[in-house]
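Structure record follows, encoded as structure tokens.
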Amino acid sequence: MKIADFQPPRLLRNPHVQSVLASSGVRRMLFRRRLSVLERGAREHLLDCGDGVRLLGLHTPQQVLPRPRGLVVLLHGWEGSAQSSYLLHTGSRLLDDGYDVFRLNFRDHGATHHLNRELFHSCRIEEVVGAVAAVARTFPELPLAIAGFSLGGNFALRVALRAPQAGIALAYALAVCPAISPSDAMDAIERAPWFYEAYFLRKWRRSLAAKQRTFPDEPLFAPEDMRGNLRALTRALVLRHTAFASIEAYFDGYSIAGDRLAPLQVPTTILTAADDPIIPVEHFRRLQLPACVELDITPGGGHCGFIRSLALTSWTEDYIAERMRRHLPPARQMMRG
């Protein structure tokens, strides 16, 4: 499948329309019967990620083929969850294609605020590596891949960087519109139409309120912090709840810009759109990537959108399924049946 295959109708070419539709509940409603198969068959796994950290994931086994093609771990974006629309759609497509699907919740995402006392932040890569390692130990017979969206794409690439040293036999990684330079992404959100920042602030404040109710013994933030904009609240998080001395150091802590992906050894695909209003495309063009990494940039698609028709189907589902078939080796032994 090539990027030229993505040709949305004129009504869907606006990048903001694409970005909003990516997480739209309308798509969930239209395809609720298909998505229900993924959710009905899901089983919860509480993962030991090391250092006392626990993360919750949902595993759904496929029932199409005599044995699964492999296992795909899916990572949602910031303030999304294993129930995010784009994750459900992607997981359902992979399930139909014969893959087992494991949807991981990051710390404090979904209804998991009670599992760990300390707050989520984007530099907590070791616990996500630990979660993927736990998944690999639980399902050792299956070829393992990882795919993530937005911040989840950033995490997927950092997991792939660390997989060999962590002893994870990761066969393939795919990132859709991953955050490359967090500092510049923050600038882009501030320049974008107002509703992007409002969307993230509303969801983050709601999550922090849930965390505070779960651990009420001491205030997580001052009232003025919670009234601030996205940058101000992020700065308060960094100074109150991390070891970073500044917001700039924090952003650099999970940046994958420049040559930071150059050591990648795992076959990897990065998909993004030139008109993404949140992740500037020039950062992708400046990446120094090894030969094992494929970079695809479509002219349009917005942020994690890639909605290809007025029926609100997403081109990324076909793209991801095709890349998984290309990169995942056959399972080593019969699993079910």
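FYI, nothing fancy with the structure tokens labels: chains A, B, ... in order, residues from 1 per chain, ligands from 1 as they appear.
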Filtered DSSP result for stretch 24-161 of chain A, state strand (DSSP E), as a ChimeraX atom specification: /A:43-48,54-60,71-75,100-104,144-149
Among the residues A:Ala210, A:Leu58, A:Cys304, A:Ala169, the one that comes closest to A:Thr272 [using only C-alpha atoms]: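 Counting only C-alpha atoms, the residue closest to A:Thr272 is A:Cys304.
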